[in-house]
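Trainee: This is the content of coords-v7.cif (mmCIF, C-alpha atoms):
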```cif
data_work
#
loop_
_atom_site.label_atom_id
_atom_site.label_comp_id
_atom_site.auth_asym_id
_atom_site.auth_seq_id
_atom_site.Cartn_x
_atom_site.Cartn_y
_atom_site.Cartn_z
CA MET A 197 0.00 0.00 0.00
CA LYS A 198 1.36 3.39 -1.05
CA CYS A 199 1.04 6.69 0.78
CA SER A 200 -1.82 8.75 -0.67
CA LYS A 201 0.40 11.89 -0.60
CA CYS A 202 3.63 10.49 -2.10
CA SER A 203 5.06 7.28 -3.54
CA ASP A 204 6.50 5.98 -0.24
CA LYS A 205 5.25 2.88 1.50
CA ALA A 206 2.29 3.53 3.87
CA VAL A 207 2.84 2.79 7.56
CA PHE A 208 -0.79 3.51 8.46
CA GLN A 209 -4.06 2.79 6.72
CA ASN A 210 -7.31 4.77 6.70
CA PRO A 211 -5.84 7.25 5.93
CA ASN A 212 -3.05 5.55 3.94
CA LEU A 213 0.07 7.53 4.82
CA CYS A 214 3.85 7.13 5.05
CA LYS A 215 5.68 8.05 8.27
CA LYS A 216 6.36 11.67 7.30
CA HIS A 217 2.82 12.37 6.09
CA PHE A 218 1.18 10.52 8.99
CA ILE A 219 3.06 12.64 11.56
CA ALA A 220 2.06 15.82 9.69
CA TYR A 221 -1.58 14.62 9.43
CA PHE A 222 -1.78 13.84 13.17
CA GLU A 223 -0.14 17.07 14.30
CA ASN A 224 -2.33 19.15 11.96
CA LYS A 225 -5.44 17.46 13.28
CA VAL A 226 -4.48 18.38 16.87
CA LYS A 227 -3.52 21.93 15.83
CA ASN A 228 -6.84 22.40 14.00
CA THR A 229 -8.82 21.11 17.01
CA ILE A 230 -6.99 23.54 19.32
CA LYS A 231 -7.66 26.46 16.95
CA LYS A 232 -11.27 25.65 15.98
CA TYR A 233 -12.43 25.15 19.57
CA LYS A 234 -10.06 27.75 21.08
CA LEU A 235 -8.72 25.15 23.51
CA LEU A 236 -5.41 26.89 24.26
CA THR A 237 -4.14 30.44 24.02
CA LYS A 238 -0.63 31.79 24.53
CA LYS A 239 -1.82 33.43 27.77
CA ASP A 240 -3.02 30.16 29.28
CA LYS A 241 -1.23 28.61 32.25
CA ILE A 242 -1.50 24.94 31.43
CA VAL A 243 -1.31 21.75 33.43
CA VAL A 244 -1.41 18.45 31.54
CA ALA A 245 -3.03 15.51 33.32
CA CYS A 246 -0.74 12.55 32.64
CA SER A 247 -0.90 8.84 33.27
CA GLY A 248 2.28 8.03 31.39
CA GLY A 249 0.37 6.19 28.65
CA LYS A 250 0.50 6.95 24.92
CA ASP A 251 -2.29 9.54 24.97
CA SER A 252 -0.96 11.73 27.75
CA ILE A 253 2.66 11.57 26.56
CA SER A 254 1.60 12.49 22.99
CA VAL A 255 -0.60 15.35 24.17
CA LEU A 256 2.09 16.62 26.54
CA TYR A 257 4.62 16.68 23.70
CA LEU A 258 2.22 18.55 21.39
CA VAL A 259 0.99 21.03 24.02
CA LYS A 260 4.61 22.02 24.65
CA LYS A 261 4.66 23.25 21.03
CA PHE A 262 1.68 25.58 21.64
CA VAL A 263 2.15 27.01 25.13
CA LYS A 264 5.12 28.04 27.21
CA ASP A 265 6.21 25.77 30.05
CA PRO A 266 3.27 23.42 30.54
CA VAL A 267 3.44 21.45 33.79
CA ALA A 268 2.64 17.73 33.95
CA ILE A 269 0.61 16.37 36.83
CA ALA A 270 0.10 12.69 37.62
CA ILE A 271 -2.02 10.91 40.18
CA ASP A 272 -0.57 7.71 41.58
CA GLU A 273 -3.59 5.60 42.55
CA GLY A 274 -1.39 2.87 44.00
CA ILE A 275 -2.12 -0.04 41.65
CA LYS A 276 0.68 -2.54 42.05
CA GLY A 277 2.55 -3.47 38.86
CA TYR A 278 0.57 -1.01 36.74
CA ARG A 279 0.83 2.67 37.60
CA SER A 280 4.45 2.40 38.74
CA LYS A 281 5.46 1.32 35.19
CA THR A 282 3.65 4.15 33.38
CA LEU A 283 4.97 6.71 35.87
CA GLU A 284 8.53 5.59 35.14
CA ASP A 285 7.93 6.27 31.41
CA LEU A 286 6.46 9.66 32.29
CA LYS A 287 9.37 10.64 34.55
CA GLU A 288 11.83 9.71 31.80
CA PHE A 289 9.87 11.63 29.16
CA CYS A 290 9.58 14.76 31.34
CA LYS A 291 13.30 14.62 32.16
CA GLN A 292 14.25 14.35 28.46
CA ASN A 293 11.89 17.18 27.46
CA LYS A 294 12.58 19.44 30.46
CA ILE A 295 8.98 19.44 31.68
CA LYS A 296 8.16 19.97 35.36
CA LEU A 297 6.31 16.95 36.76
CA LYS A 298 4.21 16.85 39.95
CA ILE A 299 3.02 13.50 41.31
CA TYR A 300 0.35 13.16 44.01
CA SER A 301 -0.80 9.87 45.51
CA TYR A 302 -4.01 8.43 47.00
CA GLU A 303 -1.84 7.03 49.80
CA ASP A 304 -0.75 10.53 50.88
CA TYR A 305 -4.07 12.30 50.31
CA PHE A 306 -6.69 9.70 51.26
CA GLY A 307 -4.52 7.53 53.50
CA ALA A 308 -4.72 4.38 51.37
CA SER A 309 -3.79 3.09 47.92
CA LEU A 310 -6.52 1.93 45.50
CA ASP A 311 -5.41 -1.67 46.06
CA LYS A 312 -6.08 -1.23 49.78
CA MET A 313 -9.35 0.66 49.21
CA LYS A 314 -10.63 -2.18 46.99
CA LYS A 315 -10.29 -4.56 49.93
CA LEU A 316 -12.19 -2.18 52.20
CA THR A 317 -15.32 -1.47 50.13
CA HIS A 318 -17.86 -3.32 48.03
CA LEU A 319 -17.55 -0.74 45.23
CA ILE A 320 -15.80 -1.55 41.96
CA PRO A 321 -12.34 0.12 41.95
CA CYS A 322 -13.13 2.12 38.78
CA THR A 323 -15.87 4.03 40.66
CA ILE A 324 -13.51 4.98 43.49
CA CYS A 325 -10.66 5.72 41.09
CA GLY A 326 -12.70 7.95 38.75
CA THR A 327 -14.13 9.98 41.64
CA PHE A 328 -10.86 10.46 43.54
CA ARG A 329 -8.72 11.13 40.49
CA ARG A 330 -11.11 13.83 39.23
CA TYR A 331 -11.15 15.40 42.70
CA MET A 332 -7.37 15.44 43.11
CA LEU A 333 -6.73 16.76 39.59
CA ASN A 334 -9.09 19.63 40.25
CA LYS A 335 -7.62 20.30 43.68
CA TYR A 336 -4.03 20.53 42.44
CA SER A 337 -4.89 22.54 39.31
CA LYS A 338 -6.31 25.64 40.97
CA GLU A 339 -3.37 27.84 39.97
CA TYR A 340 -3.75 26.97 36.27
CA THR A 341 -6.22 28.31 33.69
CA LYS A 342 -6.81 24.94 31.97
CA ILE A 343 -6.25 21.23 32.46
CA VAL A 344 -5.28 19.40 29.27
CA THR A 345 -6.24 15.72 29.13
CA GLY A 346 -5.27 13.02 26.64
CA HIS A 347 -8.85 11.91 25.93
CA ASN A 348 -9.18 10.75 22.33
CA LEU A 349 -12.01 10.00 19.88
CA ASP A 350 -12.43 6.45 21.20
CA ASP A 351 -12.72 7.65 24.82
CA GLU A 352 -15.39 10.15 23.80
CA ALA A 353 -17.36 7.61 21.73
CA GLN A 354 -17.33 5.24 24.72
CA SER A 355 -18.56 7.98 27.07
CA ILE A 356 -21.41 8.94 24.72
CA PHE A 357 -22.53 5.31 24.51
CA MET A 358 -22.23 4.70 28.26
CA ASN A 359 -24.35 7.79 28.96
CA LEU A 360 -26.94 6.70 26.41
CA LEU A 361 -27.21 3.29 28.05
CA LYS A 362 -27.64 5.00 31.45
CA ASN A 363 -30.22 7.36 29.93
CA ASN A 364 -28.08 10.26 31.14
CA LEU A 365 -27.88 12.91 28.45
CA GLU A 366 -26.95 15.54 31.03
CA ILE A 367 -23.53 13.95 31.51
CA SER A 368 -23.07 13.79 27.72
CA ALA A 369 -23.84 17.51 27.59
CA ARG A 370 -20.69 18.07 29.67
CA LEU A 371 -18.52 16.28 27.07
CA GLY A 372 -16.89 17.81 23.98
CA PRO A 373 -13.44 19.25 23.20
CA GLU A 374 -13.88 21.56 26.23
CA THR A 375 -15.77 19.94 29.07
CA GLY A 376 -18.40 21.41 31.36
CA LEU A 377 -21.59 23.42 31.03
CA ILE A 378 -20.93 26.63 32.92
CA LYS A 379 -17.88 28.53 34.14
CA ASP A 380 -17.42 27.90 37.86
CA LYS A 381 -14.34 29.07 39.78
CA ARG A 382 -14.39 25.80 41.71
CA PHE A 383 -13.56 23.94 38.50
CA THR A 384 -10.54 24.38 36.25
CA PRO A 385 -11.78 23.91 32.64
CA ARG A 386 -10.60 20.71 30.93
CA VAL A 387 -9.68 20.57 27.26
CA LYS A 388 -9.01 17.63 24.93
CA PRO A 389 -6.68 18.41 22.00
CA LEU A 390 -6.76 14.72 20.86
CA TYR A 391 -10.57 14.84 20.59
CA PHE A 392 -10.64 13.91 16.88
CA CYS A 393 -7.69 11.47 16.97
CA THR A 394 -8.50 7.78 17.26
CA GLU A 395 -6.74 5.57 19.77
CA LYS A 396 -5.06 3.73 16.89
CA GLU A 397 -3.76 6.98 15.38
CA THR A 398 -2.46 8.11 18.77
CA ILE A 399 -0.45 4.98 19.43
CA ALA A 400 0.87 5.00 15.84
CA TYR A 401 2.03 8.59 16.42
CA SER A 402 3.71 7.74 19.73
CA LEU A 403 5.47 4.75 18.11
CA LEU A 404 6.64 6.74 15.09
CA MET A 405 7.89 9.52 17.38
CA GLY A 406 9.76 6.98 19.51
CA PHE A 407 8.06 7.94 22.80
CA PRO A 408 8.82 5.64 25.72
CA VAL A 409 5.46 3.91 26.11
CA THR A 410 5.10 0.47 27.70
CA TYR A 411 1.84 -1.41 27.23
CA THR A 412 0.28 -2.14 30.57
CA GLU A 413 -3.24 -3.09 31.47
CA CYS A 414 -4.90 -2.01 34.69
CA PRO A 415 -5.64 -5.20 36.67
CA TYR A 416 -9.11 -3.82 37.44
CA SER A 417 -10.06 -2.97 33.83
CA SER A 418 -12.00 -6.21 33.33
CA LEU A 419 -14.42 -5.02 36.05
CA SER A 420 -15.16 -1.82 34.19
CA HIS A 421 -18.27 -1.19 32.10
CA ARG A 422 -16.20 1.06 29.82
CA MET A 423 -14.07 -1.92 28.69
CA PHE A 424 -17.19 -3.78 27.60
CA ILE A 425 -18.39 -0.75 25.63
CA ARG A 426 -14.89 -0.27 24.16
CA ASP A 427 -14.79 -3.85 22.82
CA SER A 428 -18.34 -3.59 21.45
CA LEU A 429 -17.57 -0.35 19.59
CA ASN A 430 -14.37 -1.82 18.16
CA SER A 431 -16.25 -4.89 16.90
CA TYR A 432 -18.76 -2.64 15.18
CA GLU A 433 -15.99 -0.42 13.78
CA ASN A 434 -14.42 -3.52 12.20
CA LYS A 435 -17.70 -4.26 10.40
CA ARG A 436 -18.52 -0.63 9.59
CA PRO A 437 -15.23 1.31 9.25
CA GLY A 438 -15.64 4.99 10.08
CA PHE A 439 -18.50 4.37 12.50
CA LYS A 440 -16.76 5.99 15.52
CA GLN A 441 -15.83 9.07 13.50
CA THR A 442 -19.45 9.40 12.25
CA LEU A 443 -20.70 9.06 15.83
CA ILE A 444 -18.44 11.90 17.01
CA ASP A 445 -19.28 14.08 13.98
CA GLY A 446 -22.99 13.67 14.72
CA PHE A 447 -22.52 14.28 18.44
CA ILE A 448 -20.51 17.46 17.98
CA LYS A 449 -23.35 18.89 15.83
CA THR A 450 -25.93 18.31 18.56
CA LEU A 451 -23.63 19.30 21.45
CA PRO A 452 -24.36 23.09 21.44
CA LYS A 453 -28.09 22.34 21.79
CA LEU A 454 -27.46 19.80 24.54
CA LYS A 455 -25.25 22.27 26.45
CA LYS A 456 -27.84 25.04 26.08
CA HIS A 457 -30.62 22.78 27.32
CA PHE A 458 -28.80 21.47 30.38
CA LYS A 459 -27.04 24.72 31.30
CA THR A 460 -30.06 25.90 33.27
CA LYS A 461 -30.23 22.66 35.24
CA VAL A 462 -26.65 22.72 36.56
CA THR A 463 -26.29 22.49 40.33
CA THR A 464 -24.27 25.20 42.05
CA ASN A 465 -24.61 23.70 45.54
CA SER A 466 -21.52 23.11 47.66
CA CYS A 467 -20.48 20.07 49.64
CA GLU A 468 -20.76 20.84 53.37
CA GLU A 469 -17.42 19.15 54.06
CA CYS A 470 -15.04 20.23 51.28
CA GLY A 471 -16.89 23.08 49.57
CA GLY A 472 -16.75 21.37 46.16
CA VAL A 473 -19.70 21.22 43.76
CA SER A 474 -22.26 18.63 44.80
CA ASP A 475 -25.89 17.72 44.12
CA ASN A 476 -26.11 16.39 47.68
CA LYS A 477 -25.12 17.78 51.09
CA ILE A 478 -21.95 15.68 51.02
CA CYS A 479 -20.10 15.09 47.74
CA MET A 480 -19.19 11.63 46.47
CA THR A 481 -15.47 12.10 47.28
CA CYS A 482 -16.14 13.00 50.94
CA LYS A 483 -18.71 10.20 51.25
CA LEU A 484 -16.35 7.58 49.83
CA SER A 485 -13.27 8.73 51.75
CA LYS A 486 -15.24 8.71 55.01
CA GLU A 487 -16.49 5.17 54.31
CA ILE A 488 -12.95 3.99 53.58
CA LYS A 489 -11.50 5.65 56.70
CA ASN A 490 -14.19 4.12 58.94
CA LYS A 491 -13.66 0.63 57.53
CA SER A 492 -9.90 1.00 57.84
CA LEU A 493 -10.19 2.03 61.51
CA TYR A 494 -12.59 -0.87 62.18
CA LYS A 495 -10.26 -3.40 60.61
CA ASN A 496 -7.19 -2.03 62.42
CA LYS A 497 -9.04 -2.08 65.76
CA HIS A 498 -10.01 -5.71 65.23
CA ASN A 499 -6.60 -6.73 63.87
CA LEU A 500 -7.96 -7.75 60.49
CA ASN A 501 -5.62 -7.92 57.54
CA THR A 502 -6.33 -5.30 54.91
CA MET B 165 7.39 -17.02 11.74
CA LYS B 166 8.06 -15.51 15.16
CA ILE B 167 5.05 -13.65 16.55
CA PHE B 168 4.81 -11.60 19.74
CA ILE B 169 1.33 -10.63 20.95
CA GLU B 170 1.67 -7.66 23.30
CA LYS B 171 -1.75 -7.79 24.95
CA THR B 172 -1.21 -11.31 26.26
CA ASN B 173 2.59 -10.98 26.45
CA LYS B 174 2.80 -14.19 24.42
CA ASN B 175 5.53 -15.34 22.01
CA MET B 176 4.69 -17.95 19.42
CA ASN B 177 6.15 -19.70 16.37
CA LYS B 178 3.75 -20.21 13.49
CA LYS B 179 4.05 -21.50 9.95
CA PHE B 180 2.37 -18.81 7.91
CA ILE B 181 2.52 -17.23 4.47
CA GLY B 182 -0.04 -14.60 3.57
CA THR B 183 -1.04 -11.02 4.33
CA VAL B 184 -1.10 -9.25 7.70
CA GLY B 185 -4.90 -9.10 7.44
CA LYS B 186 -5.10 -12.87 6.93
CA LEU B 187 -2.77 -13.50 9.89
CA LEU B 188 -4.95 -11.37 12.19
CA SER B 189 -8.03 -13.17 10.95
CA GLU B 190 -6.42 -16.58 11.67
CA LEU B 191 -5.46 -15.40 15.16
CA LYS B 192 -9.01 -14.04 15.65
CA ILE B 193 -7.70 -10.55 16.42
CA ASN B 194 -9.83 -7.51 15.53
CA PRO B 195 -7.57 -5.36 13.27
CA GLU B 196 -9.17 -2.25 14.76
CA THR B 197 -7.50 -3.03 18.10
CA VAL B 198 -3.89 -3.57 16.96
CA LEU B 199 -0.95 -2.22 15.01
CA VAL B 200 1.49 -4.68 13.44
CA THR B 201 5.25 -4.26 13.09
CA ARG B 202 7.79 -6.29 11.12
CA SER B 203 11.35 -5.87 12.36
CA ASN B 204 10.04 -2.91 14.42
CA GLU B 205 8.53 -1.08 11.40
CA LEU B 206 4.79 -0.44 11.16
CA ILE B 207 3.15 -2.36 8.32
CA THR B 208 -0.33 -2.31 6.80
CA ASP B 209 -2.85 -5.15 6.42
CA ASP B 210 -2.09 -5.80 2.73
CA ILE B 211 1.62 -6.57 3.29
CA ARG B 212 2.55 -10.18 2.45
CA LEU B 213 4.47 -11.89 5.23
CA LYS B 214 7.17 -14.52 4.88
CA ASP B 215 7.85 -17.43 7.14
CA LYS B 216 11.14 -15.95 8.40
CA ASP B 217 9.52 -12.65 9.48
CA ASN B 218 9.62 -11.31 13.03
CA ILE B 219 6.18 -9.90 13.80
CA LYS B 220 4.86 -7.91 16.76
CA ILE B 221 1.14 -7.39 17.26
CA LEU B 222 0.79 -4.27 19.41
CA SER B 223 -2.35 -3.46 21.32
CA VAL B 224 -3.81 -0.01 20.66
CA VAL B 225 -6.66 -0.17 23.14
CA SER B 226 -6.00 1.62 26.40
CA GLY B 227 -5.22 -0.60 29.28
CA GLY B 228 -6.94 1.30 32.03
#
```
Show this structure as structure tokens.
Mentor:
Amino acid sequence: MKCSKCSDKAVFQNPNLCKKHFIAYFENKVKNTIKKYKLLTKKDKIVVACSGGKDSISVLYLVKKFVKDPVAIAIDEGIKGYRSKTLEDLKEFCKQNKIKLKIYSYEDYFGASLDKMKKLTHLIPCTICGTFRRYMLNKYSKEYTKIVTGHNLDDEAQSIFMNLLKNNLEISARLGPETGLIKDKRFTPRVKPLYFCTEKETIAYSLLMGFPVTYTECPYSSLSHRMFIRDSLNSYENKRPGFKQTLIDGFIKTLPKLKKHFKTKVTTNSCEECGGVSDNKICMTCKLSKEIKNKSLYKNKHNLNT
Amino acid sequence: MKIFIEKTNKNMNKKFIGTVGKLLSELKINPETVLVTRSNELITDDIRLKDKDNIKILSVVSGG
């Protein structure tokens, strides 16, 4: 298969491009997304949420081309044999590219790693992890104007489908290249420069650029609903190529109407404990951390192994 | 042919001559979820493989 732009051999298909033209195609797509949706400006003080995987390392590299001195932030959930590996890649990448990296852990902030929390509650780890990670990212990003995340087209397609299956259009209304419905000083806006890049394109880019990315799978991923949706969408994509792209193109057209509709219904209540946004008196983070602390104290008091 | 499947961290030897697409089909791997390299260079589904090739099947789906 030849590159559609020159006579060189293609290294990627759909679109069929050689190494040089694929890198240009990917970087242009990110640049166009940033410009079209005004995701970043030169005045922005940016923090990039990083896991150390292909998406966050690619987005960190590209953001550094657009804004001055972005800072990388990583949350160490404490998942043995998983997060430690990706954080090593991230440390190495930041060192090579002279990017300041800040790492915060569940162990230090909540008093226990995710592995330990899993043993203490009946909840699936992905629920705890999603809630706590979002909370900590927001907490440690207050001094910045925007949080950049590495969410790609596949992530967004999965979220849209999951929300449809939960009959929760309000959460979908918060999606898009820039997340959220209203400006609220308690939240740092999140932007997704890889919004129109597929997962396959992103890993091809990171491989062709020679980024240090090790494949690792979270040991809890099989418990996650998202993984089931991901596999279903990929099966359908194999039968109907272009399906995920069409889904996102359709969604982005309806998104302004969805945001307008749900804007008026957004809660501005505060959690009585931490002051964060919450529909209830106590937010999910405070509720979960209290439950975990109580169970931990109970087990320690009764000499139970955790 | 030497084949390494990243997702399962599995190495295998297989007698095979045909295209990358046919190999993935034989291994029951959805091409949407992988990238394939030969001697560490990305290759497309139409490339014909030889029995002496060294193939890696890399997972593109996020692991977490």
Trainee: Using only C-alpha atoms, determine which residues of chain A fall within 7 Å of chain B; present them as a PyMOL selection string.
Mentor: chain A and resi 197+207-209+395-396+399+412-414+417+430+434
Trainee: Deliver the residues from the most recent selection as a file, using C-alpha atoms, as a PDB file, in the coordinates of the input.
Mentor:
```pdb
ATOM      1  CA  MET A 197       0.000   0.000   0.000  1.00  0.00           C
ATOM      2  CA  VAL A 207       2.840   2.790   7.560  1.00  0.00           C
ATOM      3  CA  PHE A 208      -0.790   3.510   8.460  1.00  0.00           C
ATOM      4  CA  GLN A 209      -4.060   2.790   6.720  1.00  0.00           C
ATOM      5  CA  GLU A 395      -6.740   5.570  19.770  1.00  0.00           C
ATOM      6  CA  LYS A 396      -5.060   3.730  16.890  1.00  0.00           C
ATOM      7  CA  ILE A 399      -0.450   4.980  19.430  1.00  0.00           C
ATOM      8  CA  THR A 412       0.280  -2.140  30.570  1.00  0.00           C
ATOM      9  CA  GLU A 413      -3.240  -3.090  31.470  1.00  0.00           C
ATOM     10  CA  CYS A 414      -4.900  -2.010  34.690  1.00  0.00           C
ATOM     11  CA  SER A 417     -10.060  -2.970  33.830  1.00  0.00           C
ATOM     12  CA  ASN A 430     -14.370  -1.820  18.160  1.00  0.00           C
ATOM     13  CA  ASN A 434     -14.420  -3.520  12.200  1.00  0.00           C
TER      14      ASN A 434
END
```
Trainee: Please compute the CA of Cys322 (chain A)-CA of Ser309 (chain A) distance, one decimal, in Å.
Mentor: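 CA of Cys322 (chain A) sits 13.1 Å away from CA of Ser309 (chain A).
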Trainee: Set the distance at 9 Å and use only C-alpha atoms: which residues neighbour Asp217 (chain B) once local chain neighbours fewer than 2 positions away are removed? I'd like the list as a CSV table (one decimal) with C-alpha atoms, keeping the file's coordinate frame.
Mentor:
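around00.csv, freshly written:
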```csv
chain,number,residue,atom,x,y,z
B,165,MET,CA,7.4,-17.0,11.7
B,166,LYS,CA,8.1,-15.5,15.2
B,167,ILE,CA,5.0,-13.6,16.6
B,202,ARG,CA,7.8,-6.3,11.1
B,203,SER,CA,11.4,-5.9,12.4
B,213,LEU,CA,4.5,-11.9,5.2
B,214,LYS,CA,7.2,-14.5,4.9
B,215,ASP,CA,7.8,-17.4,7.1
B,219,ILE,CA,6.2,-9.9,13.8
```
Trainee: Just give me the gap between CA of Pro415 (chain A) and CA of Leu310 (chain A) in Å, one decimal is fine.
Mentor: 11.4 Å
Trainee: Apply the PyMOL selection byres ((chain A and resi 266) around 8) to the structure shown and report the selected residues as a list in words.
Mentor: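 Written out, the selection comes to Lys241, Ile242, Val243, Val244, Leu256, Val259, Lys260, Val263, Lys264, Asp265, Val267, Ala268, Ile295 and Lys296 of chain A.
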Trainee: Pick from A:Phe289, A:Tyr401, A:Phe383, A:Tyr416: nearest to Lys335 (chain A), with only C-alpha atoms counted?
Mentor: A:Phe383
Trainee: How would you write, as a list in words, the residues chosen by the PyMOL selection byres ((chain A and resi 356-372) around 8) on this structure?
Mentor: Glu352, Ala353, Gln354, Ser355, Pro373, Glu374, Thr375, Gly376, Leu377, Lys388, Tyr391, Arg422, Ile425, Ile448, Leu451, Leu454, Lys455 and Phe458 of chain A
Trainee: In Å to one decimal, how far is CA of Asn177 (chain B) from CA of Asn218 (chain B)?
Mentor: 9.7 Å
Trainee: Name the residues that the PyMOL selection byres ((chain A and resi 200) around 7) picks from the file above, as a PDB file with C-alpha atoms, keeping the file's coordinate frame, using the file's chain letters and numbers.
Mentor:
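Here's the written file selection-v6.pdb:
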```
ATOM      1  CA  LYS A 198       1.360   3.390  -1.050  1.00  0.00           C
ATOM      2  CA  CYS A 199       1.040   6.690   0.780  1.00  0.00           C
ATOM      3  CA  LYS A 201       0.400  11.890  -0.600  1.00  0.00           C
ATOM      4  CA  CYS A 202       3.630  10.490  -2.100  1.00  0.00           C
ATOM      5  CA  ASN A 212      -3.050   5.550   3.940  1.00  0.00           C
ATOM      6  CA  LEU A 213       0.070   7.530   4.820  1.00  0.00           C
TER       7      LEU A 213
END
```
Trainee: Tell me, as a tab-separated table (two decimals) with C-alpha atoms, in the frame of the given file, which residues lie within 12 Å of Glu223 (chain A), counting all atoms listed in the file; anything in the same chain fewer than 3 positions away does not count.
Mentor:
```tsv
chain	number	residue	atom	x	y	z
A	216	LYS	CA	6.36	11.67	7.30
A	217	HIS	CA	2.82	12.37	6.09
A	218	PHE	CA	1.18	10.52	8.99
A	219	ILE	CA	3.06	12.64	11.56
A	220	ALA	CA	2.06	15.82	9.69
A	226	VAL	CA	-4.48	18.38	16.87
A	227	LYS	CA	-3.52	21.93	15.83
A	228	ASN	CA	-6.84	22.40	14.00
A	229	THR	CA	-8.82	21.11	17.01
A	230	ILE	CA	-6.99	23.54	19.32
A	254	SER	CA	1.60	12.49	22.99
A	255	VAL	CA	-0.60	15.35	24.17
A	257	TYR	CA	4.62	16.68	23.70
A	258	LEU	CA	2.22	18.55	21.39
A	259	VAL	CA	0.99	21.03	24.02
A	261	LYS	CA	4.66	23.25	21.03
A	262	PHE	CA	1.68	25.58	21.64
A	389	PRO	CA	-6.68	18.41	22.00
A	390	LEU	CA	-6.76	14.72	20.86
A	392	PHE	CA	-10.64	13.91	16.88
A	393	CYS	CA	-7.69	11.47	16.97
A	397	GLU	CA	-3.76	6.98	15.38
A	398	THR	CA	-2.46	8.11	18.77
A	401	TYR	CA	2.03	8.59	16.42
A	402	SER	CA	3.71	7.74	19.73
A	405	MET	CA	7.89	9.52	17.38
```
Trainee: Need the shell around region 269-276 of chain A: protein/DNA/RNA residues with any atom at most 6 Å away, counting only C-alpha atoms. Skip same-chain ones fewer than 2 positions apart. Format as an mmCIF file with C-alpha atoms, in the frame of the given file?
Mentor:
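Writing the result to part_31.cif gives the following:
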```cif
data_model
loop_
_atom_site.group_PDB
_atom_site.id
_atom_site.type_symbol
_atom_site.label_atom_id
_atom_site.label_comp_id
_atom_site.auth_asym_id
_atom_site.auth_seq_id
_atom_site.Cartn_x
_atom_site.Cartn_y
_atom_site.Cartn_z
ATOM 1 C CA ALA A 245 -3.030 15.510 33.320
ATOM 2 C CA CYS A 246 -0.740 12.550 32.640
ATOM 3 C CA SER A 247 -0.900 8.840 33.270
ATOM 4 C CA TYR A 278 0.570 -1.010 36.740
ATOM 5 C CA ARG A 279 0.830 2.670 37.600
ATOM 6 C CA LEU A 297 6.310 16.950 36.760
ATOM 7 C CA LYS A 298 4.210 16.850 39.950
ATOM 8 C CA ILE A 299 3.020 13.500 41.310
ATOM 9 C CA TYR A 300 0.350 13.160 44.010
ATOM 10 C CA SER A 301 -0.800 9.870 45.510
ATOM 11 C CA TYR A 302 -4.010 8.430 47.000
ATOM 12 C CA SER A 309 -3.790 3.090 47.920
ATOM 13 C CA LEU A 310 -6.520 1.930 45.500
ATOM 14 C CA ASP A 311 -5.410 -1.670 46.060
#
```
